[in-house]
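K.L.:
Data file data.txt (compact mmCIF, C-alpha atoms) is appended below.
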# COMPACT_ATOMS: atom_id res chain seq x y z
CA MET A 197 97.07 92.81 54.67
CA ASP A 198 99.72 94.47 56.75
CA ILE A 199 99.77 98.23 56.42
CA LYS A 200 101.82 100.99 57.96
CA SER A 201 100.64 102.58 60.39
CA GLY A 202 91.19 118.95 59.67
CA HIS A 203 89.06 126.94 57.59
CA PRO A 204 86.30 125.94 59.93
CA SER A 205 82.68 126.25 58.80
CA PRO A 206 80.07 128.13 60.86
CA VAL A 207 78.13 125.89 63.21
CA MET A 208 74.49 125.64 62.22
CA THR A 209 71.57 125.04 64.55
CA ASP A 210 69.99 121.59 64.58
CA SER A 211 68.04 120.81 61.46
CA PRO A 212 64.30 120.10 61.59
CA GLN A 213 63.16 116.50 61.52
CA ILE A 214 62.64 114.98 58.08
CA SER A 215 60.22 112.33 56.96
CA ASN A 216 61.84 108.94 56.28
CA SER A 217 59.71 108.32 53.20
CA ARG A 218 61.87 110.38 50.87
CA LEU A 219 65.19 110.33 52.65
CA THR A 220 67.75 107.84 53.82
CA VAL A 221 68.37 109.22 57.31
CA ARG A 222 71.42 108.71 59.44
CA GLN A 223 70.28 106.51 62.29
CA SER A 224 73.05 108.04 64.34
CA ARG A 225 76.24 109.73 63.30
CA PRO A 226 79.29 107.67 64.10
CA PRO A 227 82.24 109.57 65.53
CA HIS A 228 84.14 111.78 63.12
CA SER A 229 87.35 113.68 63.30
CA SER A 230 86.93 117.06 64.98
CA SER A 231 90.53 117.99 64.41
CA SER A 232 91.13 121.59 63.39
CA SER A 233 94.24 120.55 61.51
CA GLN A 234 92.31 119.84 58.32
CA ASN A 235 94.63 120.79 55.49
CA ASN A 236 93.65 124.06 53.85
CA ASN A 237 95.36 122.94 50.65
CA LEU A 238 92.46 120.57 50.08
CA LEU A 239 90.12 123.52 49.58
CA LEU A 240 89.46 124.41 45.98
CA THR A 241 89.23 127.99 44.77
CA VAL A 242 85.91 128.61 43.03
CA PRO A 243 84.53 131.80 41.50
CA ARG A 244 81.88 133.69 43.46
CA LYS A 245 78.46 132.69 42.25
CA LYS A 246 76.36 135.34 40.54
CA THR A 247 72.61 135.70 40.67
CA GLY A 248 70.12 136.55 37.97
CA ILE A 249 69.88 135.11 34.50
CA ILE A 250 73.05 133.12 35.00
CA ASP A 251 71.11 130.86 37.39
CA ASP A 252 68.70 129.90 34.62
CA VAL A 253 71.63 129.18 32.32
CA LYS A 254 73.23 126.98 34.95
CA ALA A 255 70.02 125.09 35.59
CA ASN A 256 69.62 124.49 31.85
CA ALA A 257 73.20 123.30 31.65
CA TRP A 258 72.61 120.81 34.44
CA PHE A 259 69.43 119.67 32.71
CA ASP A 260 71.43 118.99 29.54
CA ALA A 261 74.04 117.11 31.58
CA MET A 262 71.30 115.05 33.24
CA ILE A 263 70.05 113.95 29.83
CA ALA A 264 73.53 113.20 28.51
CA SER A 265 74.45 111.04 31.51
CA SER A 266 71.15 109.15 31.63
CA PRO A 267 70.73 106.87 28.61
CA THR A 268 67.31 105.36 28.18
CA PRO A 269 66.81 101.77 29.35
CA ALA A 270 66.06 100.74 25.76
CA LEU A 271 69.51 101.83 24.68
CA VAL A 272 71.28 100.08 27.53
CA ASN A 273 69.37 96.80 27.50
CA LYS A 274 68.91 96.25 23.77
CA ASP A 275 70.98 93.08 23.85
CA ASN A 276 69.06 91.41 21.02
CA ASP A 277 69.42 94.36 18.67
CA ALA A 278 72.07 93.31 16.16
CA THR A 279 73.20 96.86 15.39
CA THR A 280 73.58 97.85 19.03
CA ASP A 281 75.28 94.60 19.94
CA MET A 282 77.71 94.87 17.04
CA THR A 283 78.61 98.39 18.15
CA TYR A 284 79.34 97.08 21.62
CA ARG A 285 81.47 94.25 20.25
CA GLU A 286 83.45 96.68 18.13
CA TRP A 287 83.90 98.93 21.17
CA THR A 288 85.32 96.07 23.23
CA GLN A 289 87.55 94.92 20.37
CA VAL A 290 89.00 98.30 19.38
CA LYS A 291 88.79 100.62 22.38
CA TYR A 292 88.25 98.83 25.68
CA PRO A 293 88.86 95.07 25.49
CA SER A 294 86.96 92.80 27.82
CA ALA A 295 88.90 92.09 31.00
CA LEU A 296 87.65 88.51 30.74
CA THR A 297 88.74 87.71 27.18
CA THR A 298 92.09 89.44 27.77
CA PHE A 299 92.53 88.07 31.29
CA GLU A 300 95.68 86.13 30.47
CA LYS A 301 97.25 89.27 28.98
CA ILE A 302 96.44 91.24 32.13
CA MET A 303 97.88 88.51 34.32
CA SER A 304 101.05 88.36 32.27
CA VAL A 305 101.64 91.96 33.33
CA ALA A 306 100.64 91.14 36.91
CA LYS A 307 103.13 88.29 37.20
CA GLY A 308 105.66 89.13 39.89
CA LYS A 309 103.63 92.13 41.03
CA ARG A 310 101.42 92.75 44.03
CA ILE A 311 97.83 93.42 43.02
CA ALA A 312 95.72 95.95 44.94
CA LEU A 313 92.02 95.85 44.11
CA PHE A 314 89.56 98.77 44.24
CA LEU A 315 85.85 98.36 43.54
CA ASP A 316 82.90 100.71 43.11
CA TYR A 317 79.61 99.41 44.52
CA ASP A 318 76.45 100.46 42.63
CA GLY A 319 76.49 99.14 39.07
CA THR A 320 79.66 97.18 39.79
CA LEU A 321 79.00 94.81 42.68
CA SER A 322 75.24 95.30 42.56
CA PRO A 323 72.89 96.12 39.69
CA ILE A 324 71.51 99.62 39.21
CA VAL A 325 67.98 99.51 40.65
CA GLU A 326 65.04 101.88 40.72
CA GLU A 327 65.12 102.20 44.53
CA PRO A 328 68.61 103.14 45.83
CA ASP A 329 67.96 101.54 49.21
CA ALA A 330 67.36 98.18 47.51
CA ALA A 331 70.74 97.92 45.76
CA TYR A 332 71.67 94.62 47.38
CA MET A 333 74.56 92.50 46.22
CA SER A 334 73.99 88.81 45.70
CA THR A 335 75.30 86.14 48.04
CA ASP A 336 77.50 84.84 45.23
CA MET A 337 78.99 88.28 44.68
CA ARG A 338 79.67 88.67 48.38
CA THR A 339 81.46 85.35 48.40
CA ALA A 340 83.52 86.38 45.37
CA VAL A 341 84.58 89.64 47.05
CA GLN A 342 85.36 87.84 50.28
CA ASN A 343 87.54 85.31 48.47
CA VAL A 344 89.47 87.88 46.47
CA ALA A 345 90.16 89.87 49.65
CA LYS A 346 91.97 86.82 51.07
CA TYR A 347 94.69 87.27 48.46
CA PHE A 348 94.73 90.99 47.59
CA PRO A 349 94.22 94.20 49.59
CA THR A 350 90.66 95.13 48.62
CA ALA A 351 88.76 98.40 49.03
CA ILE A 352 85.24 99.56 48.18
CA ILE A 353 85.21 103.20 46.99
CA SER A 354 81.64 104.48 46.66
CA GLY A 355 79.58 107.65 46.49
CA ARG A 356 77.35 106.11 49.13
CA SER A 357 77.88 106.84 52.80
CA ARG A 358 80.47 104.54 54.30
CA ASP A 359 77.93 103.13 56.74
CA LYS A 360 75.47 102.35 53.94
CA VAL A 361 77.96 100.60 51.69
CA TYR A 362 79.32 98.63 54.67
CA GLU A 363 75.74 97.58 55.46
CA PHE A 364 75.31 96.36 51.88
CA VAL A 365 78.62 94.50 51.68
CA GLY A 366 78.96 93.27 55.24
CA LEU A 367 82.61 92.20 55.06
CA SER A 368 84.80 93.51 57.87
CA GLU A 369 88.09 92.58 56.18
CA LEU A 370 87.78 95.26 53.49
CA TYR A 371 88.76 98.92 53.36
CA TYR A 372 85.73 101.18 52.86
CA ALA A 373 85.81 104.65 51.32
CA GLY A 374 82.38 106.30 51.33
CA SER A 375 81.18 109.72 50.12
CA HIS A 376 83.47 109.51 47.07
CA GLY A 377 86.47 108.79 49.27
CA MET A 378 85.88 111.52 51.87
CA ASP A 379 85.23 108.95 54.62
CA ILE A 380 87.71 106.06 54.72
CA MET A 381 87.80 103.20 57.23
CA SER A 382 90.36 100.47 57.68
CA PRO A 383 89.58 96.88 58.65
CA ALA A 384 89.64 96.17 62.38
CA GLY A 385 93.20 95.75 63.56
CA GLU A 386 94.68 97.60 60.60
CA SER A 387 95.56 101.28 60.58
CA LEU A 388 95.58 104.19 58.18
CA TYR A 389 98.56 106.50 58.10
CA HIS A 390 99.43 109.54 56.03
CA LYS A 391 102.28 111.91 56.79
CA HIS A 392 100.25 115.03 55.88
CA LEU A 393 96.68 114.10 56.75
CA THR A 394 94.80 113.48 59.98
CA ARG A 395 93.26 110.22 61.12
CA THR A 396 91.10 109.32 64.09
CA VAL A 397 90.33 106.07 65.90
CA SER A 398 86.79 104.81 66.41
CA ILE A 399 85.16 101.56 67.55
CA ASN A 400 83.17 99.38 65.17
CA GLU A 401 80.04 97.40 65.91
CA GLN A 402 82.11 94.46 67.13
CA GLY A 403 83.84 96.70 69.67
CA LYS A 404 87.14 96.68 67.80
CA ASP A 405 89.30 99.67 66.96
CA VAL A 406 89.13 100.96 63.40
CA ASN A 407 90.94 103.89 61.82
CA LEU A 408 89.01 106.66 60.10
CA PHE A 409 90.27 109.28 57.68
CA GLN A 410 87.71 112.00 56.95
CA THR A 411 88.71 114.95 54.78
CA ALA A 412 85.46 116.95 55.07
CA SER A 413 84.32 116.78 58.70
CA GLU A 414 84.11 120.55 58.99
CA PHE A 415 81.38 120.58 56.32
CA LEU A 416 78.94 118.33 58.19
CA PRO A 417 76.80 121.12 59.77
CA MET A 418 76.46 122.81 56.38
CA ILE A 419 75.61 119.55 54.63
CA ASP A 420 72.91 118.83 57.22
CA LYS A 421 71.25 122.19 56.57
CA VAL A 422 71.40 121.75 52.79
CA LEU A 423 69.99 118.25 53.15
CA CYS A 424 66.87 119.56 54.89
CA SER A 425 66.48 122.35 52.33
CA LEU A 426 66.69 119.89 49.44
CA VAL A 427 64.08 117.59 50.95
CA GLU A 428 61.74 120.55 51.40
CA SER A 429 62.33 122.07 47.95
CA THR A 430 61.81 118.79 46.07
CA LYS A 431 58.96 117.37 48.16
CA ASP A 432 56.32 118.03 45.46
CA ILE A 433 58.29 116.36 42.64
CA LYS A 434 57.07 112.81 42.33
CA GLY A 435 59.83 110.20 42.27
CA VAL A 436 62.66 112.30 43.72
CA LYS A 437 64.86 110.59 46.30
CA VAL A 438 67.19 112.69 48.44
CA GLU A 439 69.85 110.42 49.91
CA ASP A 440 72.00 111.37 52.86
CA ASN A 441 75.51 110.12 52.16
CA ARG A 442 76.98 111.91 55.16
CA PHE A 443 79.72 113.96 53.51
CA CYS A 444 77.73 114.45 50.32
CA ILE A 445 74.07 114.44 49.26
CA SER A 446 72.59 112.53 46.32
CA VAL A 447 69.40 113.66 44.59
CA HIS A 448 68.14 110.70 42.57
CA TYR A 449 65.82 111.41 39.65
CA ARG A 450 65.68 107.90 38.20
CA ASN A 451 61.97 107.63 39.06
CA VAL A 452 61.09 111.20 38.02
CA GLU A 453 59.23 111.80 34.74
CA ASP A 454 61.53 113.23 32.08
CA LYS A 455 59.42 116.40 31.83
CA ASN A 456 60.28 117.20 35.48
CA TRP A 457 64.05 116.72 35.27
CA LYS A 458 64.62 120.43 34.60
CA LEU A 459 62.57 121.24 37.71
CA VAL A 460 64.80 118.95 39.75
CA ALA A 461 67.90 120.71 38.43
CA GLN A 462 66.38 124.13 39.22
CA CYS A 463 65.43 123.12 42.77
CA VAL A 464 68.91 121.79 43.49
CA ASP A 465 70.63 124.83 42.00
CA ASP A 466 68.36 127.21 43.94
CA VAL A 467 69.45 125.58 47.19
CA ILE A 468 73.19 125.31 46.67
CA LYS A 469 73.79 128.65 44.91
CA THR A 470 74.09 130.34 48.32
CA TYR A 471 76.73 127.83 49.43
CA PRO A 472 80.01 128.60 47.64
CA LYS A 473 81.75 125.87 49.65
CA LEU A 474 79.61 123.20 47.98
CA ARG A 475 79.66 122.03 44.38
CA LEU A 476 77.28 120.10 42.17
CA THR A 477 78.27 117.07 40.12
CA HIS A 478 76.24 114.36 38.41
CA GLY A 479 76.30 110.64 37.82
CA ARG A 480 73.89 108.05 36.50
CA LYS A 481 70.48 109.72 37.04
CA VAL A 482 71.72 111.41 40.18
CA LEU A 483 72.82 114.93 41.10
CA GLU A 484 75.39 115.07 43.88
CA ILE A 485 76.30 117.91 46.23
CA ARG A 486 79.82 117.73 47.63
CA PRO A 487 82.21 119.99 49.56
CA VAL A 488 84.54 122.08 47.43
CA ILE A 489 87.74 120.29 48.33
CA ASP A 490 90.42 118.76 46.17
CA TRP A 491 89.35 115.19 46.83
CA ASP A 492 87.73 112.50 44.73
CA LYS A 493 87.90 108.76 44.13
CA GLY A 494 91.28 109.15 42.49
CA LYS A 495 92.68 110.92 45.55
CA ALA A 496 91.17 108.22 47.77
CA LEU A 497 92.81 105.50 45.68
CA THR A 498 96.20 107.21 45.98
CA PHE A 499 95.73 107.68 49.73
CA LEU A 500 94.98 104.01 50.20
CA LEU A 501 98.00 102.97 48.15
CA GLU A 502 100.19 105.25 50.25
CA SER A 503 98.71 103.87 53.48
CA LEU A 504 99.30 100.33 52.28
CA GLY A 505 102.91 101.10 51.42
CA LEU A 506 102.13 100.37 47.75
CA ASN A 507 102.43 103.88 46.33
CA ASN A 508 104.69 104.48 43.33
CA CYS A 509 106.07 100.95 43.37
CA GLU A 510 107.08 99.20 40.16
CA ASP A 511 106.11 95.81 41.60
CA VAL A 512 102.51 96.86 42.33
CA LEU A 513 99.57 96.61 39.94
CA PRO A 514 96.48 98.51 41.13
CA ILE A 515 93.19 97.51 39.48
CA TYR A 516 90.08 99.68 39.81
CA VAL A 517 86.65 98.45 38.65
CA GLY A 518 83.77 100.93 38.37
CA ASP A 519 80.85 102.01 36.20
CA ASP A 520 80.20 105.70 36.96
CA ARG A 521 81.67 108.98 35.71
CA THR A 522 82.96 109.58 39.27
CA ASP A 523 85.17 106.52 38.80
CA GLU A 524 86.93 108.28 35.92
CA ASP A 525 89.09 110.18 38.45
CA ALA A 526 90.47 106.85 39.65
CA PHE A 527 90.88 105.52 36.10
CA LYS A 528 92.88 108.64 35.22
CA VAL A 529 95.20 108.20 38.21
CA LEU A 530 96.03 104.67 37.05
CA ARG A 531 96.46 105.72 33.41
CA ASP A 532 98.66 108.78 34.10
CA GLY A 533 100.80 107.34 36.89
CA PRO A 534 103.00 107.24 38.84
CA ASN A 535 100.74 104.49 40.19
CA TYR A 536 100.29 102.80 36.84
CA GLY A 537 97.55 100.24 36.79
CA TYR A 538 94.38 99.20 35.02
CA GLY A 539 90.97 100.83 35.16
CA VAL A 540 88.12 98.52 34.22
CA LEU A 541 84.89 100.20 33.11
CA VAL A 542 81.62 98.36 33.76
CA SER A 543 79.26 99.33 30.95
CA ALA A 544 76.72 97.69 28.66
CA MET A 545 77.07 100.44 26.08
CA PRO A 546 79.98 102.16 24.34
CA LYS A 547 81.32 105.28 26.01
CA VAL A 548 84.56 107.23 26.28
CA SER A 549 86.60 106.45 29.38
CA ASN A 550 90.03 106.69 31.00
CA ALA A 551 89.84 102.95 31.66
CA PHE A 552 91.93 100.38 29.79
CA TYR A 553 89.52 97.46 29.90
CA SER A 554 85.79 96.80 30.24
CA LEU A 555 83.25 94.42 31.72
CA ARG A 556 79.63 94.40 30.66
CA ASP A 557 77.77 94.14 33.99
CA PRO A 558 78.09 92.96 37.62
CA SER A 559 77.85 89.32 36.56
CA GLU A 560 81.04 89.76 34.51
CA VAL A 561 82.64 91.59 37.44
CA MET A 562 81.97 88.52 39.56
CA GLU A 563 83.56 86.26 36.95
CA PHE A 564 86.60 88.55 36.86
CA LEU A 565 86.96 88.37 40.65
CA LYS A 566 86.70 84.59 40.55
CA ALA A 567 89.34 84.48 37.81
CA LEU A 568 91.70 86.55 39.97
CA VAL A 569 91.33 84.06 42.81
CA THR A 570 91.89 81.07 40.51
CA TRP A 571 94.99 82.72 39.03
CA LYS A 572 96.45 83.49 42.45
CA ARG A 573 95.81 79.96 43.70
CA SER A 574 97.51 78.53 40.63
CA LEU A 575 100.73 80.27 41.62
CA GLY A 576 100.87 78.15 44.75
Once you've parsed the file, please lay out its structure as structure tokens.
P.N.:
Amino acid sequence: MDIKSGHPSPVMTDSPQISNSRLTVRQSRPPHSSSSSQNNNLLLTVPRKKTGIIDDVKANAWFDAMIASSPTPALVNKDNDATTDMTYREWTQVKYPSALTTFEKIMSVAKGKRIALFLDYDGTLSPIVEEPDAAYMSTDMRTAVQNVAKYFPTAIISGRSRDKVYEFVGLSELYYAGSHGMDIMSPAGESLYHKHLTRTVSINEQGKDVNLFQTASEFLPMIDKVLCSLVESTKDIKGVKVEDNRFCISVHYRNVEDKNWKLVAQCVDDVIKTYPKLRLTHGRKVLEIRPVIDWDKGKALTFLLESLGLNNCEDVLPIYVGDDRTDEDAFKVLRDGPNYGYGVLVSAMPKVSNAFYSLRDPSEVMEFLKALVTWKRSLG
């Protein structure tokens, strides 16, 4: 894989120590870009937050969103229910065909093109589990990813911290984009380059140079302070998990009783309402706090294509596989162009998406990756 090759925030005092039992703590922060040349055009303009009754309305709105984005296990896993299964089959036949059953059709489009592969982690390469720190990928899946990376530029784009997802995957030949693409690392020996954005060089655990691109370094002191506040404010809610993802914070409520979900939303909103430079989003039974910058998984995908020299090329077919609503930004980039490609939604239940194709679960993702390798080998 040969590739071509930054409004400062107030500095906060050191945060108090936090118990490890409810928080995934940074063992030590790896180097990050301290450049003051961070592009101001990445900052989003957001309305000033108001206090009072509007806060209750917002908390209720987030509670409703939490319910909508968190289907019950019975609905997701009802594989032997004929009605549910038929609905899923109709969904894959009419709206989002299976990327396995239509594999030959996809490859007919890929013929003569260079494929670039982008993969989410949780729910895509590993199953969704009750304990976020136990979301391990199987040995077979790791082998499948390793094999596909031999033939196609491959990147993992995750909401997790880059260090955490690298620890889970353990393959040094991949590109890693953690914190929803706000922390990108190249493989050792490769470099990241962008004509408008700043990169920095660090050293990986093998002592080799790697390139980092970090769009939100200036927010780290603020994120640290909010992290401590969230741990403190949710400490009495059983089942809450506050995860430190370096450039963003995840508040998992998967193990919280449904009756306490609204309390989780209120606690999170109470903390971040005094931070206009942070925004709240949600995924699958998780609330996420991120910097207010114009950056997401779609922007990360475009950045990687540009760095690889594959941006806006008619002979390139980008494929992005993911299961979460945060992956929709990447699906939309591939649907709308100019980097036309295929989004593949991983879902065991019908839903609306910007993707073109679907896969049911990580086991089907693994079969898809194996099929890509077999297809490439067949070309000689």
K.L.:
Between A:Phe314, A:Tyr332, A:Phe527, A:Tyr536, which one has atoms that come closest to Val361 of chain A, using all atoms listed in the file?
P.N.:
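Residue with the minimum atom-to-atom distance to Val361 of chain A: A:Tyr332.
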K.L.:
I'd like to know which of A:Glu428, A:Ala345, A:Pro383, A:Phe564 is closest to Tyr362 of chain A, using only C-alpha atoms.
P.N.:
A:Pro383
K.L.:
Give me, as a list in words, all polymer residues having an atom no more than 12 Å from Gly533 of chain A, counting all atoms listed in the file and skipping those fewer than 4 positions away in the same chain.
P.N.:
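Surrounding residues, per the criterion: Gly494, Thr498, Asn507, Asn508, Cys509, Glu510, Val512, Leu513, Pro514, Ala526, Phe527, Lys528, Val529, Gly537, Tyr538 and Gly539 of chain A.
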K.L.:
For each of A:Pro472, A:Gly366, A:Gly435, A:Gly319, take the minimum atom-to-atom distance to Thr339 of chain A, counting all atoms listed in the file, then give the residue where this is smallest.
P.N.:
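When distances to Thr339 of chain A are compared using all atoms listed in the file, the smallest one comes from A:Gly366.
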K.L.:
List the spatial neighbours of Ile380 of chain A as an mmCIF file with C-alpha atoms, in the coordinates of the input - criterion: any atom at most 7 Å away, only C-alpha atoms, same-chain residues fewer than 5 positions off excluded.
P.N.:
data_model
loop_
_atom_site.group_PDB
_atom_site.id
_atom_site.type_symbol
_atom_site.label_atom_id
_atom_site.label_comp_id
_atom_site.auth_asym_id
_atom_site.auth_seq_id
_atom_site.Cartn_x
_atom_site.Cartn_y
_atom_site.Cartn_z
ATOM 1 C CA TYR A 372 85.730 101.180 52.860
ATOM 2 C CA ALA A 373 85.810 104.650 51.320
ATOM 3 C CA GLY A 374 82.380 106.300 51.330
ATOM 4 C CA LEU A 408 89.010 106.660 60.100
ATOM 5 C CA PHE A 409 90.270 109.280 57.680
ATOM 6 C CA GLN A 410 87.710 112.000 56.950
#
K.L.:
Hey, can you check how far atom CA of Gln342 of chain A sits from atom CA of Ser322 of chain A?
P.N.:
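Separation between atom CA of Gln342 of chain A and atom CA of Ser322 of chain A: 14.8 Å.
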K.L.:
Just the residues within 7 Å of segment 474-479 of chain A, please, counting all atoms listed in the file, with nothing from its chain fewer than 4 positions along; format it as a VMD selection string.
P.N.:
chain A and resid 265 468 483 to 488 520 to 522
K.L.:
Would you kindly return, as a PyMOL selection string, each protein, DNA or RNA residue with an atom no farther than 12 Å from any atom of Ile311 of chain A, considering only C-alpha atoms and excluding same-chain residues fewer than 2 positions away?
P.N.:
chain A and resi 197+302-303+305-309+313-314+344-351+501+504+506-507+509-516+535-538+568-569+571-572
K.L.:
Please determine, counting only C-alpha atoms, which residue among A:Gln462, A:Ser294, A:Asn343, A:Thr288 has the shortest atom-to-atom distance to Arg573 of chain A.
P.N.:
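Closest residue, counting only C-alpha atoms: A:Asn343.
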K.L.:
Looking at A:Ala567, A:Val517, A:Ile419, A:Val548, which one is nearest to Lys291 of chain A, with distances taken over only C-alpha atoms?
P.N.:
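When distances to Lys291 of chain A are compared using only C-alpha atoms, the smallest one comes from A:Val548.
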K.L.:
Rounded to one decimal place, report the atom CA of Asp490 of chain A-atom CA of Phe364 of chain A distance in Å.
P.N.:
27.6 Å
K.L.:
Work out how far atom CA of Glu326 of chain A is from atom CA of Asn550 of chain A, in Å to one decimal.
P.N.:
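Value for the atom CA of Asn550 of chain A-atom CA of Glu326 of chain A distance: 27.2 Å.
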K.L.:
Of the candidates A:His376, A:Val422, A:Val452, A:Thr411, which one gets nearest to Glu524 of chain A if we count all atoms listed in the file?
P.N.:
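Using all atoms listed in the file, the shortest distance to Glu524 of chain A belongs to A:His376.
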K.L.:
Mind checking which residues fall within 12 Å of Thr320 of chain A, counting all atoms listed in the file, ignoring those fewer than 6 positions away in the same chain, and posting them as a ChimeraX atom specification?
P.N.:
/A:314,331-334,337,341,352-354,516-520,523,540-544,554-565
K.L.:
Keeping only C-alpha atoms, write those residues as a compact mmCIF listing (two decimals), keeping the file's coordinate frame.
P.N.:
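Below you can see out_17.txt, which holds the result:
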# COMPACT_ATOMS: atom_id res chain seq x y z
CA PHE A 314 89.56 98.77 44.24
CA ALA A 331 70.74 97.92 45.76
CA TYR A 332 71.67 94.62 47.38
CA MET A 333 74.56 92.50 46.22
CA SER A 334 73.99 88.81 45.70
CA MET A 337 78.99 88.28 44.68
CA VAL A 341 84.58 89.64 47.05
CA ILE A 352 85.24 99.56 48.18
CA ILE A 353 85.21 103.20 46.99
CA SER A 354 81.64 104.48 46.66
CA TYR A 516 90.08 99.68 39.81
CA VAL A 517 86.65 98.45 38.65
CA GLY A 518 83.77 100.93 38.37
CA ASP A 519 80.85 102.01 36.20
CA ASP A 520 80.20 105.70 36.96
CA ASP A 523 85.17 106.52 38.80
CA VAL A 540 88.12 98.52 34.22
CA LEU A 541 84.89 100.20 33.11
CA VAL A 542 81.62 98.36 33.76
CA SER A 543 79.26 99.33 30.95
CA ALA A 544 76.72 97.69 28.66
CA SER A 554 85.79 96.80 30.24
CA LEU A 555 83.25 94.42 31.72
CA ARG A 556 79.63 94.40 30.66
CA ASP A 557 77.77 94.14 33.99
CA PRO A 558 78.09 92.96 37.62
CA SER A 559 77.85 89.32 36.56
CA GLU A 560 81.04 89.76 34.51
CA VAL A 561 82.64 91.59 37.44
CA MET A 562 81.97 88.52 39.56
CA GLU A 563 83.56 86.26 36.95
CA PHE A 564 86.60 88.55 36.86
CA LEU A 565 86.96 88.37 40.65
